[in-house]
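Some notes on the structure that comes next.
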Amino acid sequence: MLYREFSDLYEKFKLNFYKNIFKGLGAREATLTATETFVVEVIHAMHRPTINELAIFLEMSQPNMTYKISNLVKKGYVKKIQSTEDKREFYLEVTDRFHNYYDMKNRYIKEVLKRLEKKISPEKLRDFEEILSLMNRELMPEVSKFIKTYEETEYEYRN
């Protein structure tokens with residue numbers, strides 16, 4: 001039951017996101033391939049990785065990853081920021097163009113959470129938040145170890 005409910009919830013968030021991506025495609029050209037979309041979302045989630053860190057996480061070769069990053073830079077979704085400590089190293093940062101696209105997903109999440117706040121008590125909401133925090137911080141080490149914290153980055157996050 002828990003698995004089904006969580007899986008269904010996750011699917012609905014994805015479907016809403018995909019629907020919004022495709023809505024209006026007739027009025028504009030799709031600028032990212034599916035693979036590029038996934039790569040730029042991973043860059044965003046990893047909070048400013050290097051090309052090497054991204055290649056390791058996605059288990060891709062560095063030359064292949066460099067090619068994909070080059071395309072994302074040309075299309076305006078990613079920029080490379082030179083490290084102040086090691087001039088040979090570059091951090092990958094998403095641009096405002098990416099954030100405009102990505103905000104579609106966040107709008108729906110915020111809308112659903114506002115509805116939830118109206119439906120359940122503040123106590124249950126706090127319990128739910130604690131459960132989500134536990135899942136986020138302790139139960140997903142395979143992914144979490146690749147995500148940098150604010151303290152590990154050289155810049156202030158947009159949000």
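Here's how to read the names in the structure tokens: chain A, B, ... by the order shown, residue numbers from 1 in each chain, ligand numbers from 1 in the order shown.
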
With only C-alpha atoms as the counted atoms, please give the residues lying no more than 8 Å from Pro49 in chain A, apart from itself and same-chain residues fewer than 6 positions off, as a ChimeraX atom specification. /A:43,91-93,148

Can you write out the residues you just picked, keeping N, CA, C and O atoms, as a PDB file, in the first residue's frame?
```pdb
ATOM      1  N   ILE A  43      22.542  18.411 -13.167  1.00  0.00           N
ATOM      2  CA  ILE A  43      23.457  19.507 -12.803  1.00  0.00           C
ATOM      3  C   ILE A  43      22.804  20.383 -11.736  1.00  0.00           C
ATOM      4  O   ILE A  43      23.423  20.723 -10.727  1.00  0.00           O
ATOM      5  N   TYR A  91      33.169  24.762 -12.587  1.00  0.00           N
ATOM      6  CA  TYR A  91      31.914  24.316 -12.015  1.00  0.00           C
ATOM      7  C   TYR A  91      30.803  24.560 -13.021  1.00  0.00           C
ATOM      8  O   TYR A  91      30.833  25.534 -13.780  1.00  0.00           O
ATOM      9  N   LEU A  92      29.826  23.679 -13.028  1.00  0.00           N
ATOM     10  CA  LEU A  92      28.687  23.810 -13.923  1.00  0.00           C
ATOM     11  C   LEU A  92      27.537  24.432 -13.160  1.00  0.00           C
ATOM     12  O   LEU A  92      27.179  23.970 -12.076  1.00  0.00           O
ATOM     13  N   GLU A  93      26.982  25.463 -13.732  1.00  0.00           N
ATOM     14  CA  GLU A  93      25.904  26.194 -13.079  1.00  0.00           C
ATOM     15  C   GLU A  93      24.769  26.380 -14.085  1.00  0.00           C
ATOM     16  O   GLU A  93      25.008  26.729 -15.237  1.00  0.00           O
ATOM     17  N   LYS A 148      26.062  18.498  -3.333  1.00  0.00           N
ATOM     18  CA  LYS A 148      26.829  19.414  -2.496  1.00  0.00           C
ATOM     19  C   LYS A 148      25.892  20.237  -1.628  1.00  0.00           C
ATOM     20  O   LYS A 148      24.775  20.537  -2.009  1.00  0.00           O
TER      21      LYS A 148
END
```

Within 12 Å of Thr35 in chain A, counting only C-alpha atoms, which residues show up once you throw out same-chain ones fewer than 5 positions away? Write them as a PyMOL selection string, please. chain A and resi 40-42+58+65+68-69+71-72

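Residues of chain A that DSSP places in strand (DSSP E or B), based on the backbone of this structure, are Thr50, Val78, Lys79, Lys80, Ile81, Gln82, Phe90, Tyr91, Leu92, Glu93 and Val94 of chain A.
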
Export of prior selection with all heavy atoms as a tab-separated table (two decimals), in the first residue's frame:
```tsv
chain	number	residue	atom	x	y	z
A	50	THR	N	31.41	19.68	-10.89
A	50	THR	CA	32.39	19.78	-11.97
A	50	THR	C	31.98	18.78	-13.05
A	50	THR	O	31.15	17.90	-12.81
A	50	THR	CB	33.80	19.44	-11.48
A	50	THR	OG1	33.82	18.07	-11.06
A	50	THR	CG2	34.24	20.36	-10.34
A	78	VAL	N	23.34	26.15	-19.40
A	78	VAL	CA	24.41	25.90	-18.44
A	78	VAL	C	25.55	26.87	-18.72
A	78	VAL	O	25.80	27.22	-19.88
A	78	VAL	CB	24.93	24.44	-18.55
A	78	VAL	CG1	26.17	24.20	-17.71
A	78	VAL	CG2	23.84	23.45	-18.16
A	79	LYS	N	26.22	27.29	-17.65
A	79	LYS	CA	27.46	28.05	-17.84
A	79	LYS	C	28.55	27.39	-17.01
A	79	LYS	O	28.29	26.74	-16.00
A	79	LYS	CB	27.28	29.52	-17.49
A	79	LYS	CG	26.82	29.81	-16.10
A	79	LYS	CD	26.58	31.31	-15.92
A	79	LYS	CE	25.94	31.56	-14.56
A	79	LYS	NZ	25.64	32.98	-14.37
A	80	LYS	N	29.78	27.57	-17.48
A	80	LYS	CA	30.94	27.03	-16.79
A	80	LYS	C	31.61	28.16	-16.03
A	80	LYS	O	31.91	29.19	-16.59
A	80	LYS	CB	31.91	26.40	-17.80
A	80	LYS	CG	31.34	25.16	-18.45
A	80	LYS	CD	32.08	24.69	-19.69
A	80	LYS	CE	33.55	24.60	-19.57
A	80	LYS	NZ	34.19	24.04	-20.78
A	81	ILE	N	31.81	27.94	-14.73
A	81	ILE	CA	32.40	28.94	-13.85
A	81	ILE	C	33.77	28.43	-13.38
A	81	ILE	O	33.85	27.36	-12.77
A	81	ILE	CB	31.51	29.22	-12.62
A	81	ILE	CG1	30.08	29.54	-13.02
A	81	ILE	CG2	32.13	30.30	-11.74
A	81	ILE	CD1	29.91	30.80	-13.81
A	82	GLN	N	34.82	29.21	-13.67
A	82	GLN	CA	36.15	28.79	-13.29
A	82	GLN	C	36.34	28.87	-11.77
A	82	GLN	O	35.93	29.84	-11.13
A	82	GLN	CB	37.19	29.67	-13.99
A	82	GLN	CG	38.62	29.17	-13.84
A	82	GLN	CD	39.57	29.97	-14.70
A	82	GLN	OE1	39.40	31.17	-14.89
A	82	GLN	NE2	40.59	29.31	-15.21
A	90	PHE	N	36.40	23.74	-13.57
A	90	PHE	CA	35.22	24.56	-13.84
A	90	PHE	C	34.01	23.92	-13.19
A	90	PHE	O	33.83	22.70	-13.24
A	90	PHE	CB	34.97	24.68	-15.35
A	90	PHE	CG	35.96	25.55	-16.05
A	90	PHE	CD1	37.18	25.04	-16.48
A	90	PHE	CD2	35.68	26.89	-16.26
A	90	PHE	CE1	38.10	25.84	-17.12
A	90	PHE	CE2	36.59	27.70	-16.91
A	90	PHE	CZ	37.81	27.18	-17.33
A	91	TYR	N	33.17	24.76	-12.59
A	91	TYR	CA	31.91	24.32	-12.02
A	91	TYR	C	30.80	24.56	-13.02
A	91	TYR	O	30.83	25.53	-13.78
A	91	TYR	CB	31.61	25.07	-10.71
A	91	TYR	CG	32.61	24.76	-9.63
A	91	TYR	CD1	33.69	25.60	-9.40
A	91	TYR	CD2	32.48	23.61	-8.86
A	91	TYR	CE1	34.61	25.31	-8.41
A	91	TYR	CE2	33.40	23.31	-7.88
A	91	TYR	CZ	34.46	24.16	-7.65
A	91	TYR	OH	35.38	23.86	-6.69
A	92	LEU	N	29.83	23.68	-13.03
A	92	LEU	CA	28.69	23.81	-13.92
A	92	LEU	C	27.54	24.43	-13.16
A	92	LEU	O	27.18	23.97	-12.08
A	92	LEU	CB	28.28	22.43	-14.46
A	92	LEU	CG	29.39	21.69	-15.19
A	92	LEU	CD1	28.94	20.27	-15.53
A	92	LEU	CD2	29.81	22.44	-16.45
A	93	GLU	N	26.98	25.46	-13.73
A	93	GLU	CA	25.90	26.19	-13.08
A	93	GLU	C	24.77	26.38	-14.09
A	93	GLU	O	25.01	26.73	-15.24
A	93	GLU	CB	26.45	27.55	-12.62
A	93	GLU	CG	25.54	28.34	-11.75
A	93	GLU	CD	26.23	29.60	-11.26
A	93	GLU	OE1	27.30	29.50	-10.62
A	93	GLU	OE2	25.68	30.69	-11.52
A	94	VAL	N	23.55	26.14	-13.65
A	94	VAL	CA	22.41	26.35	-14.54
A	94	VAL	C	22.13	27.85	-14.64
A	94	VAL	O	22.44	28.61	-13.73
A	94	VAL	CB	21.16	25.58	-14.07
A	94	VAL	CG1	21.40	24.07	-14.14
A	94	VAL	CG2	20.72	25.99	-12.68
```

Name the residues in contact with Tyr67 in chain A at a cut-off of 12 Å, using only C-alpha atoms, excluding same-chain residues fewer than 4 positions from it; report them as a PyMOL selection string. chain A and resi 36+39+51+55+60-63+71-74

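If you measure from each of A:Ala34, A:Leu125, A:Ile56, A:Leu9 to Ile109 in chain A using only C-alpha atoms, the closest one turns out to be A:Leu9.
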
Could you tell me which of A:Arg88, A:Arg126, A:Arg107, A:Arg4 comes closest to Phe17 in chain A if we count only C-alpha atoms? A:Arg107

May I have all residues of chain A that DSSP, computed from the backbone, assigns to alpha helix (DSSP H), given as a count of residues only? 100

Between CA of Thr37 in chain A and CA of Lys75 in chain A, what is the distance in Å, rounded to a tenth?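 Computing it gives 11.5 Å between the two atoms.
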